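Here is model_9.txt, consisting of compact mmCIF, C-alpha atoms:
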```txt
# COMPACT_ATOMS: atom_id res chain seq x y z
CA MET A 18 -128.79 50.01 -26.67
CA LEU A 19 -128.56 48.90 -30.33
CA VAL A 20 -125.04 50.32 -30.63
CA VAL A 21 -123.93 48.54 -27.47
CA ALA A 22 -125.32 45.18 -28.65
CA LEU A 23 -123.51 45.43 -31.96
CA GLY A 24 -120.32 46.37 -30.16
CA ALA A 25 -120.60 43.37 -27.88
CA GLY A 26 -121.21 41.11 -30.84
CA ALA A 27 -118.15 42.47 -32.61
CA THR A 28 -116.01 41.89 -29.55
CA ALA A 29 -117.16 38.28 -29.25
CA CYS A 30 -116.48 37.55 -32.92
CA GLY A 31 -113.08 39.14 -32.69
CA SER A 32 -111.96 37.00 -29.76
CA SER A 33 -108.29 35.98 -29.75
CA GLU A 34 -109.33 32.36 -29.19
CA THR A 35 -109.32 30.41 -32.47
CA HIS A 36 -111.73 27.54 -33.10
CA PRO A 37 -109.83 24.28 -33.65
CA LEU A 38 -111.42 23.73 -37.08
CA ALA A 39 -110.24 27.17 -38.25
CA ALA A 40 -106.58 26.41 -37.62
CA ALA A 41 -104.12 25.25 -40.27
CA PRO A 42 -103.60 21.46 -40.22
CA TYR A 43 -100.94 20.43 -37.75
CA ASP A 44 -98.14 18.03 -38.64
CA ALA A 45 -99.55 14.59 -37.85
CA ALA A 46 -96.23 12.77 -38.33
CA GLN A 47 -96.33 11.42 -34.78
CA ASP A 48 -99.97 10.37 -35.04
CA VAL A 49 -99.91 8.31 -38.24
CA ALA A 50 -98.06 5.12 -39.22
CA ILE A 51 -97.89 3.40 -42.61
CA SER A 52 -97.18 -0.26 -43.34
CA ALA A 53 -94.88 0.61 -46.25
CA GLY A 54 -91.80 2.72 -46.77
CA GLY A 55 -88.28 2.83 -45.42
CA ARG A 56 -85.41 1.14 -47.18
CA THR A 57 -87.42 -1.90 -48.25
CA LYS A 58 -89.81 -1.57 -51.13
CA ALA A 59 -93.39 -2.57 -50.37
CA ASP A 60 -94.86 -5.83 -51.59
CA PRO A 61 -97.54 -4.82 -54.16
CA ASP A 62 -99.41 -8.05 -53.48
CA LYS A 63 -100.13 -7.03 -49.89
CA PRO A 64 -102.63 -4.35 -48.87
CA LEU A 65 -101.37 -1.00 -47.64
CA GLU A 66 -102.40 0.03 -44.13
CA VAL A 67 -102.39 3.45 -42.49
CA THR A 68 -103.05 3.55 -38.75
CA ALA A 69 -103.65 6.25 -36.15
CA THR A 70 -101.04 5.88 -33.38
CA GLY A 71 -101.93 8.80 -31.12
CA LYS A 72 -105.09 9.95 -29.36
CA GLY A 73 -106.57 11.32 -32.56
CA ARG A 74 -108.24 9.50 -35.43
CA LEU A 75 -108.02 9.29 -39.21
CA THR A 76 -110.64 11.23 -41.15
CA ASP A 77 -109.47 10.55 -44.71
CA VAL A 78 -106.65 8.84 -46.60
CA VAL A 79 -105.77 9.28 -50.27
CA ALA A 80 -103.16 7.14 -52.05
CA VAL A 81 -102.19 7.96 -55.66
CA ASP A 82 -99.43 6.80 -57.98
CA ALA A 83 -97.21 9.01 -60.14
CA SER A 84 -99.83 9.19 -62.89
CA GLY A 85 -102.55 10.32 -60.48
CA ARG A 86 -104.29 6.92 -60.31
CA ARG A 87 -106.11 6.66 -56.99
CA VAL A 88 -106.13 3.39 -55.05
CA ALA A 89 -109.46 2.36 -53.53
CA GLY A 90 -109.47 2.00 -49.76
CA GLU A 91 -111.67 1.61 -46.72
CA LEU A 92 -111.59 3.58 -43.46
CA SER A 93 -112.63 1.81 -40.26
CA ALA A 94 -115.67 3.17 -38.43
CA ASP A 95 -113.60 4.30 -35.44
CA GLY A 96 -111.02 6.06 -37.60
CA THR A 97 -108.08 4.03 -36.32
CA ARG A 98 -107.19 2.23 -39.55
CA TRP A 99 -107.38 2.66 -43.33
CA ARG A 100 -106.66 -0.25 -45.67
CA THR A 101 -106.47 -0.52 -49.46
CA THR A 102 -109.20 -2.52 -51.15
CA GLY A 103 -107.85 -2.03 -54.68
CA PRO A 104 -104.63 -3.50 -56.07
CA LEU A 105 -101.24 -1.79 -55.93
CA ALA A 106 -99.08 -1.72 -59.03
CA ALA A 107 -95.60 -3.23 -59.10
CA ALA A 108 -92.56 -0.96 -59.56
CA ALA A 109 -94.59 2.17 -58.79
CA ARG A 110 -94.23 5.17 -56.49
CA TYR A 111 -97.19 6.16 -54.33
CA THR A 112 -97.98 9.32 -52.39
CA VAL A 113 -100.22 8.88 -49.37
CA THR A 114 -101.95 11.84 -47.71
CA ALA A 115 -103.53 11.10 -44.33
CA SER A 116 -105.91 13.60 -42.72
CA THR A 117 -106.45 13.37 -38.97
CA GLU A 118 -108.36 14.97 -36.13
CA ASN A 119 -107.00 15.36 -32.58
CA GLY A 120 -108.93 15.17 -29.35
CA ASP A 121 -109.89 18.86 -29.57
CA GLY A 122 -111.17 18.52 -33.12
CA GLY A 123 -108.14 20.17 -34.71
CA PRO A 124 -107.20 18.92 -38.19
CA GLY A 125 -103.84 17.32 -38.91
CA ARG A 126 -102.15 16.03 -42.04
CA ARG A 127 -99.24 13.83 -43.00
CA THR A 128 -97.94 13.13 -46.50
CA MET A 129 -95.78 10.04 -47.13
CA THR A 130 -94.29 8.34 -50.19
CA PHE A 131 -93.26 4.75 -50.79
CA ASP A 132 -92.20 2.51 -53.68
CA THR A 133 -93.47 -0.95 -54.55
CA ALA A 134 -91.17 -3.77 -55.60
CA ALA A 135 -91.10 -5.23 -59.10
CA GLN A 136 -92.58 -8.49 -57.91
CA GLY A 137 -92.28 -11.47 -60.26
CA LYS A 138 -90.30 -9.57 -62.84
CA GLY A 139 -89.49 -11.95 -65.68
CA LYS A 140 -91.88 -14.57 -64.31
CA ASP A 141 -95.31 -13.00 -64.38
CA LYS A 142 -97.19 -13.02 -67.65
CA ARG A 143 -98.15 -9.57 -68.87
CA LEU A 144 -101.71 -8.71 -69.84
CA LYS A 145 -101.75 -6.07 -72.55
CA VAL A 146 -104.69 -4.02 -73.72
CA THR A 147 -105.12 -2.35 -77.11
CA PHE A 148 -107.84 0.24 -77.65
CA GLY A 149 -109.80 0.72 -80.86
CA PRO A 150 -110.75 2.17 -83.24
CA GLU A 151 -107.72 3.98 -84.63
CA LYS A 152 -107.28 7.66 -83.83
CA GLY A 153 -109.58 9.82 -85.93
CA THR A 154 -113.05 11.35 -86.19
CA TYR A 155 -116.10 9.09 -85.98
CA GLY A 156 -119.86 9.20 -85.67
CA VAL A 157 -121.59 9.37 -82.29
CA GLY A 158 -122.38 5.63 -82.38
CA GLN A 159 -118.76 4.43 -82.35
CA PRO A 160 -118.08 2.15 -79.35
CA ILE A 161 -114.64 2.03 -77.71
CA VAL A 162 -113.12 -1.45 -77.93
CA ALA A 163 -110.50 -2.91 -75.57
CA GLU A 164 -108.73 -6.00 -76.90
CA LEU A 165 -106.69 -8.13 -74.45
CA ASN A 166 -103.74 -10.25 -75.55
CA ALA A 167 -104.88 -13.16 -73.35
CA PRO A 168 -108.27 -14.39 -72.10
CA VAL A 169 -109.51 -13.41 -68.63
CA GLU A 170 -112.14 -15.84 -67.35
CA ASP A 171 -112.29 -15.26 -63.59
CA ARG A 172 -114.86 -12.66 -62.60
CA LYS A 173 -112.69 -11.03 -59.92
CA ALA A 174 -109.81 -10.78 -62.38
CA ARG A 175 -112.18 -9.24 -64.94
CA ALA A 176 -113.20 -6.63 -62.36
CA VAL A 177 -109.53 -5.72 -61.80
CA VAL A 178 -109.06 -5.27 -65.54
CA GLU A 179 -112.29 -3.37 -66.05
CA ASN A 180 -111.66 -1.00 -63.14
CA SER A 181 -108.27 -0.15 -64.63
CA LEU A 182 -109.72 0.93 -67.99
CA LYS A 183 -110.90 4.53 -67.97
CA VAL A 184 -112.97 6.39 -70.57
CA THR A 185 -113.75 10.10 -70.45
CA SER A 186 -115.39 12.51 -72.85
CA LYS A 187 -115.64 16.27 -73.24
CA PRO A 188 -118.48 17.20 -73.13
CA ALA A 189 -119.05 14.56 -70.48
CA VAL A 190 -121.72 11.86 -70.77
CA GLU A 191 -124.14 11.20 -67.94
CA THR A 192 -123.20 7.54 -67.62
CA GLY A 193 -121.37 4.81 -69.52
CA GLY A 194 -119.88 1.39 -68.96
CA TRP A 195 -117.89 -1.62 -70.17
CA TYR A 196 -119.46 -4.84 -71.44
CA TRP A 197 -117.49 -8.09 -71.68
CA VAL A 198 -118.22 -9.37 -75.19
CA ASP A 199 -115.97 -12.36 -74.58
CA SER A 200 -112.94 -13.24 -72.45
CA LYS A 201 -110.61 -11.02 -74.52
CA THR A 202 -112.89 -8.21 -75.72
CA LEU A 203 -114.65 -5.35 -73.93
CA HIS A 204 -116.85 -2.66 -75.46
CA TYR A 205 -117.55 0.73 -73.87
CA ARG A 206 -120.53 2.92 -74.71
CA PRO A 207 -122.59 5.61 -72.97
CA LYS A 208 -126.22 5.02 -72.05
CA GLU A 209 -127.12 7.24 -74.98
CA TYR A 210 -124.96 8.13 -77.98
CA TRP A 211 -121.77 10.16 -77.60
CA PRO A 212 -122.25 13.94 -77.76
CA ALA A 213 -121.63 15.49 -81.16
CA ASN A 214 -118.23 17.16 -81.62
CA ALA A 215 -116.82 15.55 -78.48
CA THR A 216 -113.34 14.36 -77.55
CA VAL A 217 -113.29 10.81 -76.16
CA THR A 218 -110.21 9.40 -74.42
CA ALA A 219 -109.57 5.82 -73.30
CA ARG A 220 -106.59 4.96 -71.13
CA SER A 221 -105.33 1.95 -69.22
CA GLU A 222 -104.16 2.03 -65.60
CA LEU A 223 -103.40 -1.68 -65.72
CA GLY A 224 -99.60 -1.38 -65.78
CA GLY A 225 -98.06 -3.37 -62.91
CA VAL A 226 -101.42 -4.32 -61.40
CA ARG A 227 -101.87 -7.90 -60.21
CA VAL A 228 -104.68 -9.49 -62.24
CA THR A 229 -104.23 -13.16 -61.19
CA ASP A 230 -101.55 -15.09 -59.29
CA LYS A 231 -99.41 -15.35 -62.41
CA VAL A 232 -100.52 -12.34 -64.44
CA ARG A 233 -99.83 -8.63 -64.11
CA GLY A 234 -101.04 -5.84 -66.31
CA ALA A 235 -98.76 -4.15 -68.83
CA ALA A 236 -98.69 -0.47 -69.66
CA GLY A 237 -101.04 0.42 -72.52
CA LYS A 238 -101.16 3.18 -75.10
CA PRO A 239 -104.06 5.63 -74.62
CA LEU A 240 -106.50 6.44 -77.41
CA THR A 241 -108.21 9.72 -78.25
CA ILE A 242 -110.91 10.06 -80.89
CA ARG A 243 -113.31 12.82 -81.81
CA THR A 244 -116.95 12.68 -82.82
CA GLY A 245 -118.48 14.71 -85.62
CA SER A 246 -122.10 15.73 -86.09
CA LYS A 247 -124.79 13.24 -85.14
CA ILE A 248 -125.78 11.58 -88.43
CA GLU A 249 -128.57 8.99 -88.24
CA ALA A 250 -130.33 7.32 -91.16
CA VAL A 251 -133.69 5.71 -90.38
CA VAL A 252 -134.66 3.07 -92.93
CA ASP A 253 -138.36 2.19 -92.85
CA ALA A 254 -138.59 -1.09 -94.77
CA SER A 255 -142.39 -0.98 -94.91
CA ARG A 256 -142.39 2.52 -96.45
CA HIS A 257 -139.36 1.79 -98.68
CA ALA A 258 -137.82 5.07 -97.53
CA MET A 259 -134.69 6.27 -95.75
CA THR A 260 -134.75 9.54 -93.80
CA VAL A 261 -131.40 11.07 -92.90
CA PHE A 262 -131.01 13.36 -89.87
CA LYS A 263 -128.12 15.60 -88.89
CA ASP A 264 -128.02 16.78 -85.28
CA GLY A 265 -131.74 16.07 -85.01
CA GLU A 266 -132.72 18.02 -88.15
CA GLU A 267 -134.05 16.15 -91.20
CA LEU A 268 -131.78 16.47 -94.23
CA THR A 269 -133.72 14.41 -96.76
CA THR A 270 -135.88 11.35 -97.36
CA LEU A 271 -134.78 8.99 -100.13
CA PRO A 272 -136.68 6.16 -101.89
CA VAL A 273 -134.99 2.80 -101.26
CA THR A 274 -135.45 -0.93 -101.54
CA THR A 275 -134.55 -3.39 -98.78
CA GLY A 276 -134.38 -7.19 -98.46
CA LYS A 277 -137.12 -9.30 -99.95
CA PRO A 278 -138.66 -12.33 -98.18
CA GLY A 279 -135.97 -14.89 -97.49
CA PHE A 280 -133.28 -12.19 -97.56
CA ALA A 281 -134.92 -9.56 -95.34
CA THR A 282 -132.76 -6.76 -93.95
CA ARG A 283 -132.00 -7.01 -90.23
CA ASN A 284 -133.92 -4.69 -87.92
CA GLY A 285 -132.10 -2.53 -85.40
CA VAL A 286 -129.36 0.04 -85.01
CA LYS A 287 -126.20 -0.55 -87.03
CA VAL A 288 -122.98 1.46 -86.98
CA VAL A 289 -121.21 2.38 -90.20
CA LEU A 290 -118.10 0.16 -90.42
CA GLY A 291 -116.50 1.64 -93.52
CA LYS A 292 -117.01 2.90 -97.06
CA GLU A 293 -115.93 1.27 -100.34
CA TYR A 294 -116.33 3.07 -103.64
CA PHE A 295 -116.46 -0.25 -105.53
CA VAL A 296 -117.36 -3.78 -104.37
CA ARG A 297 -117.83 -6.93 -106.48
CA MET A 298 -120.85 -8.74 -105.02
CA ARG A 299 -121.50 -12.41 -105.78
CA GLY A 300 -124.34 -14.60 -104.59
CA THR A 301 -122.00 -17.57 -104.18
CA SER A 302 -120.27 -15.74 -101.29
CA VAL A 303 -123.43 -16.12 -99.19
CA GLY A 304 -124.37 -19.63 -100.25
CA ILE A 305 -126.51 -18.91 -103.32
CA ALA A 306 -125.78 -21.48 -106.01
CA ALA A 307 -124.35 -20.14 -109.25
CA GLY A 308 -126.90 -20.24 -112.06
CA SER A 309 -129.89 -20.42 -109.69
CA SER A 310 -132.79 -17.98 -109.87
CA GLU A 311 -131.28 -15.92 -107.02
CA SER A 312 -127.72 -15.94 -108.36
CA TYR A 313 -125.99 -12.59 -108.98
CA ASP A 314 -122.56 -11.18 -109.82
CA LEU A 315 -122.64 -7.39 -109.86
CA PRO A 316 -120.31 -4.38 -109.75
CA VAL A 317 -121.56 -2.17 -106.89
CA TYR A 318 -120.61 1.47 -106.32
CA TYR A 319 -120.83 3.83 -103.34
CA ALA A 320 -121.08 0.98 -100.83
CA THR A 321 -121.38 1.94 -97.16
CA ARG A 322 -120.88 -1.17 -95.00
CA VAL A 323 -122.98 -1.74 -91.86
CA THR A 324 -122.37 -5.45 -91.08
CA TRP A 325 -119.40 -7.76 -91.56
CA SER A 326 -121.68 -10.34 -93.19
CA GLY A 327 -122.29 -8.01 -96.12
CA GLU A 328 -125.13 -5.58 -95.50
CA TYR A 329 -124.44 -2.29 -97.24
CA VAL A 330 -126.22 0.91 -98.17
CA HIS A 331 -125.29 1.20 -101.84
CA ALA A 332 -126.18 2.16 -105.40
CA ALA A 333 -128.59 -0.29 -107.07
CA PRO A 334 -129.42 1.16 -110.52
CA TRP A 335 -130.70 -2.25 -111.73
CA SER A 336 -133.69 -2.04 -109.34
CA VAL A 337 -134.48 1.67 -109.62
CA GLY A 338 -138.06 0.88 -110.64
CA SER A 339 -138.67 -0.67 -107.22
CA HIS A 340 -137.13 2.11 -105.14
CA GLY A 341 -139.81 3.59 -102.92
CA SER A 342 -142.34 0.87 -103.75
CA ALA A 343 -141.00 -2.68 -103.17
CA ASN A 344 -138.33 -4.65 -101.35
CA VAL A 345 -136.35 -6.66 -103.90
CA SER A 346 -132.75 -6.82 -102.63
CA HIS A 347 -130.84 -9.67 -101.01
CA GLY A 348 -130.55 -7.78 -97.70
CA CYS A 349 -128.86 -4.47 -98.51
CA VAL A 350 -130.45 -1.02 -98.69
CA GLY A 351 -130.40 -0.05 -102.38
CA MET A 352 -131.00 3.33 -103.98
CA SER A 353 -130.17 5.30 -107.09
CA THR A 354 -126.52 5.98 -107.91
CA LYS A 355 -127.00 9.72 -107.29
CA ASN A 356 -128.58 9.16 -103.87
CA ALA A 357 -126.02 6.52 -102.91
CA ALA A 358 -123.19 8.90 -103.82
CA TRP A 359 -124.74 11.62 -101.62
CA PHE A 360 -125.11 9.22 -98.69
CA PHE A 361 -121.56 7.92 -99.20
CA GLU A 362 -120.18 11.46 -98.97
CA THR A 363 -122.39 12.42 -96.02
CA VAL A 364 -121.64 9.64 -93.54
CA ARG A 365 -118.47 8.44 -91.81
CA GLU A 366 -117.51 5.43 -89.69
CA GLY A 367 -119.46 5.46 -86.44
CA ASP A 368 -122.59 7.03 -87.91
CA LEU A 369 -125.92 5.29 -87.41
CA VAL A 370 -128.24 3.34 -89.72
CA HIS A 371 -131.46 2.32 -87.97
CA VAL A 372 -133.67 -0.19 -89.78
CA VAL A 373 -137.30 -0.47 -88.68
CA ASN A 374 -140.39 -2.42 -89.81
CA SER A 375 -138.48 -5.12 -91.67
CA ILE A 376 -139.65 -8.72 -91.61
CA GLY A 377 -136.05 -9.75 -91.00
CA GLU A 378 -134.29 -10.82 -87.81
CA ASP A 379 -132.85 -8.40 -85.28
CA MET A 380 -129.28 -7.15 -85.57
CA ASP A 381 -126.85 -9.25 -83.57
CA PRO A 382 -125.36 -7.05 -80.79
CA PHE A 383 -121.84 -8.45 -81.27
CA GLY A 384 -119.88 -10.36 -83.88
CA ASN A 385 -121.45 -8.92 -87.04
CA GLY A 386 -120.43 -5.32 -86.66
CA PHE A 387 -121.38 -2.92 -83.89
CA GLY A 388 -124.90 -3.75 -82.73
CA ASP A 389 -124.12 -2.46 -79.24
CA TRP A 390 -126.97 0.07 -79.25
CA ASN A 391 -129.53 -2.73 -79.55
CA VAL A 392 -128.65 -3.88 -76.02
CA ASP A 393 -130.97 -2.49 -73.35
CA TRP A 394 -129.07 -0.35 -70.82
CA ALA A 395 -129.98 -2.62 -67.89
CA GLU A 396 -128.64 -5.61 -69.83
CA TRP A 397 -125.53 -3.65 -70.79
CA LYS A 398 -124.78 -2.91 -67.13
CA ALA A 399 -125.24 -6.60 -66.37
CA GLY A 400 -122.40 -7.31 -68.82
CA SER A 401 -119.95 -5.58 -66.48
CA ALA A 402 -117.72 -7.65 -64.20
CA ASN A 403 -118.87 -5.34 -61.39
CA ALA A 404 -122.53 -6.26 -61.84
CA PRO A 405 -124.13 -8.33 -59.05
CA GLU A 406 -124.54 -11.26 -61.42
CA ALA A 407 -122.58 -10.53 -64.58
CA PRO A 408 -123.49 -13.00 -67.36
CA PRO A 409 -120.76 -14.15 -69.73
CA GLY A 410 -120.52 -12.16 -72.93
CA LYS A 411 -121.52 -13.57 -76.28
CA ALA A 412 -118.56 -14.55 -78.43
CA PRO A 413 -118.62 -14.06 -82.21
CA GLY A 414 -119.65 -17.17 -84.10
CA PRO A 415 -117.69 -18.73 -86.94
CA ALA A 416 -120.16 -17.58 -89.59
CA ASP A 417 -120.27 -13.95 -88.47
CA ARG A 418 -117.77 -12.67 -91.05
CA LEU A 419 -119.01 -13.42 -94.55
CA SER A 420 -118.50 -11.84 -97.93
CA PRO A 421 -120.74 -9.02 -99.23
CA ARG A 422 -124.32 -9.63 -100.20
CA ILE A 423 -127.10 -7.44 -101.56
```
Take the structure from the file and write it as structure tokens.
Amino acid sequence: MLVVALGAGATACGSSETHPLAAAPYDAAQDVAISAGGRTKADPDKPLEVTATGKGRLTDVVAVDASGRRVAGELSADGTRWRTTGPLAAAARYTVTASTENGDGGPGRRTMTFDTAAQGKGKDKRLKVTFGPEKGTYGVGQPIVAELNAPVEDRKARAVVENSLKVTSKPAVETGGWYWVDSKTLHYRPKEYWPANATVTARSELGGVRVTDKVRGAAGKPLTIRTGSKIEAVVDASRHAMTVFKDGEELTTLPVTTGKPGFATRNGVKVVLGKEYFVRMRGTSVGIAAGSSESYDLPVYYATRVTWSGEYVHAAPWSVGSHGSANVSHGCVGMSTKNAAWFFETVREGDLVHVVNSIGEDMDPFGNGFGDWNVDWAEWKAGSANAPEAPPGKAPGPADRLSPRI
């Protein structure tokens, strides 16, 4: 009886009748129509529509341009119509793949191509984007910057721009996003820092895309940077010490001095902006009167810059007696020449300097360097044009770029 049952089962499974879903997709050319194509190029300012013309229905539609950029779309609940919800680019070629299902449940497919017209050529203004920093290797705290050649104020237009700017990393990050610093500047960062030894690529898909009635996007040059090891220096102003970590392991703790009352070092996470072997620092550059009790004019070596207004980590041999015991600087983190030289050689642009327990103000998120990591992630997401209520970004103030101070 067991042998007979197995034989019957084998016969049933080996039936010559094929289930509709197991068949190869049929040619759905007669069942699908598209609102573009033919001899006339499609108007990129009008949405693309794909409709089911037979008894079947649409199950999925994918539209991509020559570079693989996918256009957002929406399929009706009854499967009779699909319509783009994202913008089409001008002077572009698109490939549309429509998947269908007939009355018996059998799958069908049709692939179509069409070109869009170069609408407004010579009349539309072109919005260009430039990515920063320059190509190279940076620390894990380096944000990606997108600079526009013209301001974008309208929130819907900002969303078009933002959705056309893509950032990827290998290894991948869990989540990341753009923040509108002002009408011409966007910053991109992950929720946490970039992975160490990663490759980060930013590219623009804005070329030909309608941003406003009179503005279209221009093609942009992609950017690829790499990250090195995760280097983070934690400066504890109350302990007068700086502990340096590499990939989570402590390298060393150095005695330092930070800003004294009235010139206290800013709290918060700062990103290394650059390194200068020699800097001439003058008190007059930050408003200290020449000849006053706080006046200074000093040659400074091994200066690692962390703010545009003049905060550095640098050699301060004139205050070596206070290193590890008192805060006597005019805002910078000072240490011995030997220790400053070691730090100078250890860090690179994009590495992190985190100041804690200072009596100073908090680091400005924007305008005085890269204070991006001081913005809470929920607030960062609110700075996106796609946020439910995206607040305007904070623009740099006129006094944000000052000369060095110590």
Exercise. Pick the closest to Pro160 (chain A) from A:Thr244, A:Thr354, A:Asn403, A:Thr133: which is it, counting all atoms listed in the file?
Worked result: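 Selected residue with least distance to Pro160 (chain A): A:Thr244.
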Problem set entry | Close residues, Ala332 (chain A) itself excluded, 8 Å, only C-alpha atoms, min 6 positions apart in chain, as a list in words | Val317, Tyr318, Tyr319, Ala320, Gly351, Met352, Ser353, Thr354, Lys355, Asn356, Ala357 and Ala358 of chain A
I need the residues from that last selection saved to file as a PDB file, in the frame of the given file (with C-alpha atoms), if you can.
```pdb
ATOM      1  CA  VAL A 317    -121.560  -2.170-106.890  1.00  0.00           C
ATOM      2  CA  TYR A 318    -120.610   1.470-106.320  1.00  0.00           C
ATOM      3  CA  TYR A 319    -120.830   3.830-103.340  1.00  0.00           C
ATOM      4  CA  ALA A 320    -121.080   0.980-100.830  1.00  0.00           C
ATOM      5  CA  GLY A 351    -130.400  -0.050-102.380  1.00  0.00           C
ATOM      6  CA  MET A 352    -131.000   3.330-103.980  1.00  0.00           C
ATOM      7  CA  SER A 353    -130.170   5.300-107.090  1.00  0.00           C
ATOM      8  CA  THR A 354    -126.520   5.980-107.910  1.00  0.00           C
ATOM      9  CA  LYS A 355    -127.000   9.720-107.290  1.00  0.00           C
ATOM     10  CA  ASN A 356    -128.580   9.160-103.870  1.00  0.00           C
ATOM     11  CA  ALA A 357    -126.020   6.520-102.910  1.00  0.00           C
ATOM     12  CA  ALA A 358    -123.190   8.900-103.820  1.00  0.00           C
TER      13      ALA A 358
END
```
Problem set entry | Near-Ser375 (chain A) list (9 Å; all atoms listed in the file; drop same-chain fewer than 2 positions) as a PyMOL selection string | chain A and resi 253-255+275-276+281-284+372-373+377-378
For this session: Give the answer as one residue: which of A:Pro239, A:Pro207, A:Gly125, A:Glu179 has the shortest atom-to-atom distance to Asp393 (chain A), using all atoms listed in the file?
Result: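 Using all atoms listed in the file, Asp393 (chain A) sits closest to A:Pro207.
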Exercise. Of the residues A:Asp62, A:Glu151, A:Asp389, A:Asp121, which is the one nearest to Ala107 (chain A), using all atoms listed in the file?
Worked result: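 Distance minimum relative to Ala107 (chain A) lands on A:Asp62.
Here the question is which of A:Ala343, A:Ala404, A:Ile51, A:Val217 gets nearest to Val190 (chain A) using only C-alpha atoms, and that residue is A:Val217.
The nearest approach to Lys292 (chain A) among the residues A:Arg256, A:Arg143, A:Arg126, A:His331, with all atoms listed in the file taken into account, belongs to A:His331.
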Exercise. What does the distance between CA of Glu118 (chain A) and CA of Ser52 (chain A) come to in Å, to one decimal place?
Worked result: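 According to the coordinates, CA of Glu118 (chain A) and CA of Ser52 (chain A) are separated by 20.2 Å.
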Exercise. Given the choices A:Arg175, A:His347, A:Arg206, A:Lys238, which gets closest to Arg220 (chain A) if the distance is worked out from all atoms listed in the file?
Worked result: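 Selected residue with least distance to Arg220 (chain A): A:Lys238.
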